[in-house]
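Each remark here refers to the structure printed beneath this line.
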Amino acid sequence: MIDFKVIKQSKKSRARLGILKTPHGEVETPAFVPVATRATIKTLTSEEAAAAGSQMLIANTYHLHLWPGEKLVKKAGGIHKFMNWPHPLMTDSGGFQVFSLGFGTDHGIGKFAKGRAEEIGKSVRTGDKPQKLKITPHGVHFRSIIDGRELFIGPYESIKIQEDIGADIMFAFDECTSPLADYEYVKDSLELTHRWAKMSLNARRSKQALYGIVQGSHFKDLREAGARFTNSLDFDGFGIGGDFGDDKKNMTKVLDWTVPLLSPRKPRHYLGIGYLEDMEPIIKGGADTFDCIVPTHYARRGIAFTSSGRLDLHDKKFLADKKPLDPKCACLTCAHYRRNYIGHLFRAHELTAFKLITFHNLFYFNAYVARIRQKIKEGRI
RNA sequence: GUGCCCAUGGUGUAGUGGUAACACUAGAGUUUGUGGAGCUCUCGUCACCGGUUCGAAUCCGGUUGGGCACC
C-alpha cells in the first residue's frame with residue numbers, strides 16, 4: 001500500500017508539496033514520472049534512470065502483457081527485480097491503448113486535436129466503432145501490435161496482469177476518449193469507465209495501490225461527474241486522463257473542474273502530460289505526479305531540451321558547436337560531451353546518441369520539477 | 001584509332017512520342033498515459049547543341065564525358 005502526506009499546501013494555488021510513500025521508497029511530489037513502457041527507459045539502464053533524478057517510473061500493462069508476458073515478470077520476482085529498479089513504480093492499465101490503438105490510429109490523432117471535429121472532417125459519435133479493436137461492456141478485444149493475434153483485456157484482466165507485474169501503484173482500466181468524440185459518445189464512455197472502475201476495485205486481491213481514473217474529455221459537467229464518481233469509490237489515488245478536445249487550455253481547465261471534487265488526502269496523477277511549459281500550470285492546478293513520453297521519445301528524434309529552448313541535433317550547425325547541450329545543465333552528458341560529438345553520433349544513427357540525449361532530457365525534466373518544488377517551498381507559486 | 005553500349009533529382013533506378021515516377025538520403029514542419037515509427041511539405045532546365053514532330057527524357061545528327069571490345 002501507499003501513504004501520501006501533504007507537507008505544504010500553497011496559498012496561491014492548488015500546488016502542494018507531498019511525500020508519497022510506497023513499499024519501494026518515497027517520492028517527493030510534485031514529481032515527473034518517466035515512461036518505461038516495456039520495463040525500461042529506452043536506451044538507459046535502471047541505474048542511469050535513477051542517476052538522472054527519476055523517483056518513480058511507469059510501465060505499461062498492454063505492452064508487458066504482449067512481451068514478455070506478465071507470468072514471466074512474476075516468475076522473475078516482480079517488475080522491480082526483473083528490471084533492477086528498487087524504487088517506486090506504477091503500471092498504466094492499458095486504457096490508453098483503447099484509444100491509441102483504436103480511434104487514435106484510425107484518425108491519426110493524439111490527445112489534442114488541431115481543430116474541431118467538423119473542421120477536421122472526422123468524428124467519433126455514439127455507435128462508431130474503431131477499426132482495429134472492439135469495445136464491449138466487459139472489456140476490449142485488441143490485436144497484438146507484435147504478431148496480430150487477438151487478445152482481450154477488461155478491468156479484471158488488467159488488474160490481474162498488473163498484480164503479476166507487481167508495481168507499487170496500479171491504474172483502473174478505462175477508456176481514454178478521442179478529442180474528436182462528441183458529448184454523447186463521451187457520456188456513454190464515462191459510464192463504461194465508471195463500470196470498469198468498480199470492476200477494477202473488485203478484481204484487486206493484492207496490497208498494491210490502485211488509482212481510479214477521471215474521464216470526461218473537455219465537457220465540464222462530465223468531468224465533474226467523473227470526479228464525483230471516482231472520488232466516491234475506495235481508490236488510493238486518482239489518475240486524471242483523457243483528451244482535451246482542440247484547445248490546450250482545457251489541460252488546466254480539467255484540473256480546475258475536477259481537483260476540487262477529489263479528496264485532498266489522496267495523490268493525483270495527471271496521465272500523459274508534461275511538456276516543460278505544461279509543468280507549472282498543471283502543478284498549480286493540483287497535479288502531484290505526471291508522466292510523459294516527451295523527454296525520452298523526443299530524445300530518439302534528436303531533440304534536446306535546454307534552458308534556451310529545444311535543440312534539434314539533426315541540424316548540421318551543431319557539428320561545429322563545441323558547447324554542451326546545455327551549458328547550464330549539471331548532468332553527466334553535459335559535463336563530458338559536446339554538441340559536435342552528439343550531433344555526429346545522431347546523424348550517424350549511433351545508439352550512443354540516443355542514450356546521451358535521453359539521459360540529458362530526463363535529468364533536465366527532473367531538475368525542472370525539482371525547481372518547481374523549491375518554488376512551492378518558498379511560497380512563490 | 002575503329003566498333004559497340006551508356007548519360008534522368010544527393011544516391012540507386014523507372015519511364016521507348018503526349019504535362020518526369022519510385023526507394024533511400026538530405027532540408028522544413030508535426031509529435032503530450034505505444035512507436036529509433038508515422039504523417040505533411042521541399043530538392044530535377046531528363047549531359048550539351050541542333051533537327052524531325054502539333055508535341056521528345058523517349059526518334060535523328062553532332063559535341064562532351066564514361067564503359068567494353070579490337071588494332
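Labeling convention for the C-alpha cells: chains A, B, ... as they appear, residues from 1 per chain, ligands from 1 in order of appearance.
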
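Residue list for chain B within 6 Å of chain A: U32, G33 and G36 of chain B, counting only C-alpha atoms (C1' of nucleotides).
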
Residue selection dump (C-alpha atoms (C1' of nucleotides)) as a PDB file, in the first residue's frame:
ATOM      1  C1'   U B  32       1.931  15.105 -24.531  1.00  0.00           C
ATOM      2  C1'   G B  33      -0.554   7.745 -20.289  1.00  0.00           C
ATOM      3  C1'   G B  36      14.645   4.914 -33.421  1.00  0.00           C
TER       4        G B  36
END

Problem set entry | Which of segment 1-90 of chain A DSSP labels strand (DSSP E), written as a list in words |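 Matching residues for strand (DSSP E) in segment 1-90 of chain A are Asp3, Phe4, Lys5, Val6, Ile7, Lys8, Gln9, Arg16, Leu17, Gly18, Ile19, Leu20, Lys21, Thr22, Gly25, Glu26, Val27, Glu28, Thr29, Ala31, Phe32, Val33, Pro34, Leu57, Ile58, Ala59, Asn60, Leu89 and Met90 of chain A.
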
Exercise. What separation in Å, quoted to one decimal, exists between atom CA of Glu70 of chain A and atom CA of Ile153 of chain A?
Worked result: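 Spanning atom CA of Glu70 of chain A to atom CA of Ile153 of chain A is a straight-line distance of 13.0 Å.
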
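Residues with any atom within 10 Å of Pro155 of chain A, counting only C-alpha atoms (C1' of nucleotides) and excluding same-chain neighbours fewer than 4 positions away, are Ser93, Gly94, Gly95, His138, Gly139, Val140, Ile159, Lys160, Ile161, Phe171, Ala172, Phe173, Asp174, Thr193, Arg195, Trp196, Ala197, Lys198, Met199, Ser200, Leu201, Asn202, Ala203 and Arg204 of chain A.
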
Exercise. Using only C-alpha atoms (C1' of nucleotides), which residues sit within 8 Å of Arg373 of chain A once same-chain residues fewer than 5 positions away are excluded, as an NGL selection string?
Worked result: :A and (17 or 29-30)

Residues from last step as file, N, CA and C atoms, as a compact mmCIF listing (two decimals), in the first residue's frame:
# COMPACT_ATOMS: atom_id res chain seq x y z
N LEU A 17 3.22 20.41 -1.82
CA LEU A 17 4.38 19.53 -1.67
C LEU A 17 3.91 18.30 -0.92
N THR A 29 6.81 14.86 -4.05
CA THR A 29 5.92 15.40 -5.06
C THR A 29 5.85 16.92 -4.93
N PRO A 30 5.54 17.62 -6.01
CA PRO A 30 5.22 17.10 -7.34
C PRO A 30 6.43 16.41 -7.98

12 Å contact set for C48 of chain B, only C-alpha atoms (C1' of nucleotides), chain neighbours under 4 positions out, as a PDB file with N, CA and C atoms (P, O5', C5', C4', C3', O3' and C1' of nucleotides), in the first residue's frame:
ATOM      1  P     A B   7      21.223   5.819 -70.799  1.00  0.00           P
ATOM      2  O5'   A B   7      22.132   6.977 -70.158  1.00  0.00           O
ATOM      3  C5'   A B   7      22.423   7.004 -68.731  1.00  0.00           C
ATOM      4  C4'   A B   7      23.222   8.263 -68.466  1.00  0.00           C
ATOM      5  C3'   A B   7      22.390   9.530 -68.724  1.00  0.00           C
ATOM      6  O3'   A B   7      21.982  10.215 -67.542  1.00  0.00           O
ATOM      7  C1'   A B   7      24.484   9.565 -69.899  1.00  0.00           C
ATOM      8  P     G B  62      26.678  11.425 -86.172  1.00  0.00           P
ATOM      9  O5'   G B  62      27.166  12.776 -85.496  1.00  0.00           O
ATOM     10  C5'   G B  62      27.831  13.772 -86.284  1.00  0.00           C
ATOM     11  C4'   G B  62      27.928  15.058 -85.504  1.00  0.00           C
ATOM     12  C3'   G B  62      28.730  15.008 -84.199  1.00  0.00           C
ATOM     13  O3'   G B  62      30.126  15.108 -84.439  1.00  0.00           O
ATOM     14  C1'   G B  62      26.708  16.162 -83.827  1.00  0.00           C
ATOM     15  P     U B  63      31.133  14.543 -83.335  1.00  0.00           P
ATOM     16  O5'   U B  63      30.942  15.551 -82.119  1.00  0.00           O
ATOM     17  C5'   U B  63      31.349  16.918 -82.245  1.00  0.00           C
ATOM     18  C4'   U B  63      31.149  17.627 -80.928  1.00  0.00           C
ATOM     19  C3'   U B  63      31.788  16.951 -79.720  1.00  0.00           C
ATOM     20  O3'   U B  63      33.167  17.279 -79.613  1.00  0.00           O
ATOM     21  C1'   U B  63      29.565  17.537 -79.184  1.00  0.00           C
ATOM     22  P     U B  64      34.145  16.229 -78.969  1.00  0.00           P
ATOM     23  O5'   U B  64      33.728  16.282 -77.431  1.00  0.00           O
ATOM     24  C5'   U B  64      33.879  17.502 -76.681  1.00  0.00           C
ATOM     25  C4'   U B  64      33.245  17.341 -75.321  1.00  0.00           C
ATOM     26  C3'   U B  64      33.690  16.114 -74.535  1.00  0.00           C
ATOM     27  O3'   U B  64      34.928  16.334 -73.878  1.00  0.00           O
ATOM     28  C1'   U B  64      31.348  16.290 -74.431  1.00  0.00           C
ATOM     29  P     G B  65      35.864  15.068 -73.571  1.00  0.00           P
ATOM     30  O5'   G B  65      35.041  14.305 -72.440  1.00  0.00           O
ATOM     31  C5'   G B  65      34.774  14.948 -71.191  1.00  0.00           C
ATOM     32  C4'   G B  65      33.905  14.056 -70.347  1.00  0.00           C
ATOM     33  C3'   G B  65      34.374  12.619 -70.246  1.00  0.00           C
ATOM     34  O3'   G B  65      35.421  12.478 -69.300  1.00  0.00           O
ATOM     35  C1'   G B  65      32.057  12.645 -70.656  1.00  0.00           C
TER      36        G B  65
END

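Among the candidates A:Tyr341, A:Tyr211, A:Phe142, A:Tyr156, the one nearest to Thr230 of chain A when counting only C-alpha atoms is A:Tyr211.
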
Problem set entry | Atomic distance atom CA of Gly343 of chain A - atom CA of Gly309 of chain A, expressed in Å with one decimal |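 Atom CA of Gly309 of chain A lies 16.6 Å from atom CA of Gly343 of chain A.
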
For this session: State, in Å with one decimal place, the distance from atom CA of Arg143 of chain A to atom CA of Phe103 of chain A.
Result: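 Atom CA of Phe103 of chain A lies 13.9 Å from atom CA of Arg143 of chain A.
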
Problem set entry | 8 Å contact set for segment 253-259 of chain A, only C-alpha atoms (C1' of nucleotides), chain neighbours under 5 positions out, as a list in words | His218, Lys220, Arg223, Glu224, Gly226, Ala227, Ile282, Gly285, Gly286 and Ala287 of chain A

Exercise. So which bits of segment 202-249 of chain A end up helix (DSSP H, G or I) when you DSSP the backbone, as a ChimeraX atom specification?
Worked result: /A:202-203,220-232

Please produce an output containing N, CA and C atoms for each residue in the selection, written as an mmCIF file, in the first residue's frame.
data_model
loop_
_atom_site.group_PDB
_atom_site.id
_atom_site.type_symbol
_atom_site.label_atom_id
_atom_site.label_comp_id
_atom_site.auth_asym_id
_atom_site.auth_seq_id
_atom_site.Cartn_x
_atom_site.Cartn_y
_atom_site.Cartn_z
ATOM 1 N N ASN A 202 -12.989 -4.352 -7.505
ATOM 2 C CA ASN A 202 -13.424 -5.685 -7.068
ATOM 3 C C ASN A 202 -12.441 -6.772 -7.460
ATOM 4 N N ALA A 203 -11.703 -6.535 -8.519
ATOM 5 C CA ALA A 203 -10.780 -7.561 -9.008
ATOM 6 C C ALA A 203 -9.508 -7.623 -8.178
ATOM 7 N N LYS A 220 -17.334 20.059 -19.153
ATOM 8 C CA LYS A 220 -17.271 20.391 -17.726
ATOM 9 C C LYS A 220 -18.160 19.489 -16.865
ATOM 10 N N ASP A 221 -19.419 19.341 -17.255
ATOM 11 C CA ASP A 221 -20.320 18.567 -16.386
ATOM 12 C C ASP A 221 -19.921 17.091 -16.345
ATOM 13 N N LEU A 222 -19.381 16.585 -17.465
ATOM 14 C CA LEU A 222 -18.968 15.176 -17.467
ATOM 15 C C LEU A 222 -17.701 14.988 -16.622
ATOM 16 N N ARG A 223 -16.785 15.938 -16.708
ATOM 17 C CA ARG A 223 -15.587 15.869 -15.859
ATOM 18 C C ARG A 223 -15.985 15.909 -14.381
ATOM 19 N N GLU A 224 -16.929 16.782 -14.054
ATOM 20 C CA GLU A 224 -17.372 16.876 -12.659
ATOM 21 C C GLU A 224 -18.030 15.577 -12.216
ATOM 22 N N ALA A 225 -18.835 15.014 -13.093
ATOM 23 C CA ALA A 225 -19.481 13.731 -12.774
ATOM 24 C C ALA A 225 -18.418 12.654 -12.604
ATOM 25 N N GLY A 226 -17.409 12.689 -13.462
ATOM 26 C CA GLY A 226 -16.319 11.717 -13.387
ATOM 27 C C GLY A 226 -15.559 11.844 -12.078
ATOM 28 N N ALA A 227 -15.298 13.062 -11.678
ATOM 29 C CA ALA A 227 -14.554 13.297 -10.436
ATOM 30 C C ALA A 227 -15.380 12.850 -9.227
ATOM 31 N N ARG A 228 -16.653 13.218 -9.213
ATOM 32 C CA ARG A 228 -17.511 12.836 -8.075
ATOM 33 C C ARG A 228 -17.596 11.314 -7.935
ATOM 34 N N PHE A 229 -17.830 10.672 -9.058
ATOM 35 C CA PHE A 229 -17.986 9.214 -9.013
ATOM 36 C C PHE A 229 -16.685 8.549 -8.568
ATOM 37 N N THR A 230 -15.589 8.929 -9.184
ATOM 38 C CA THR A 230 -14.304 8.291 -8.863
ATOM 39 C C THR A 230 -13.939 8.539 -7.404
ATOM 40 N N ASN A 231 -14.254 9.737 -6.924
ATOM 41 C CA ASN A 231 -13.944 10.082 -5.537
ATOM 42 C C ASN A 231 -14.780 9.273 -4.551
ATOM 43 N N SER A 232 -15.950 8.824 -5.025
ATOM 44 C CA SER A 232 -16.841 8.097 -4.111
ATOM 45 C C SER A 232 -16.384 6.654 -3.887
#

Problem set entry | Of the listed residues A:Ala50, A:Leu66, A:Met90, A:Ile2, that which approaches Thr289 of chain A most closely, counting only C-alpha atoms | A:Met90
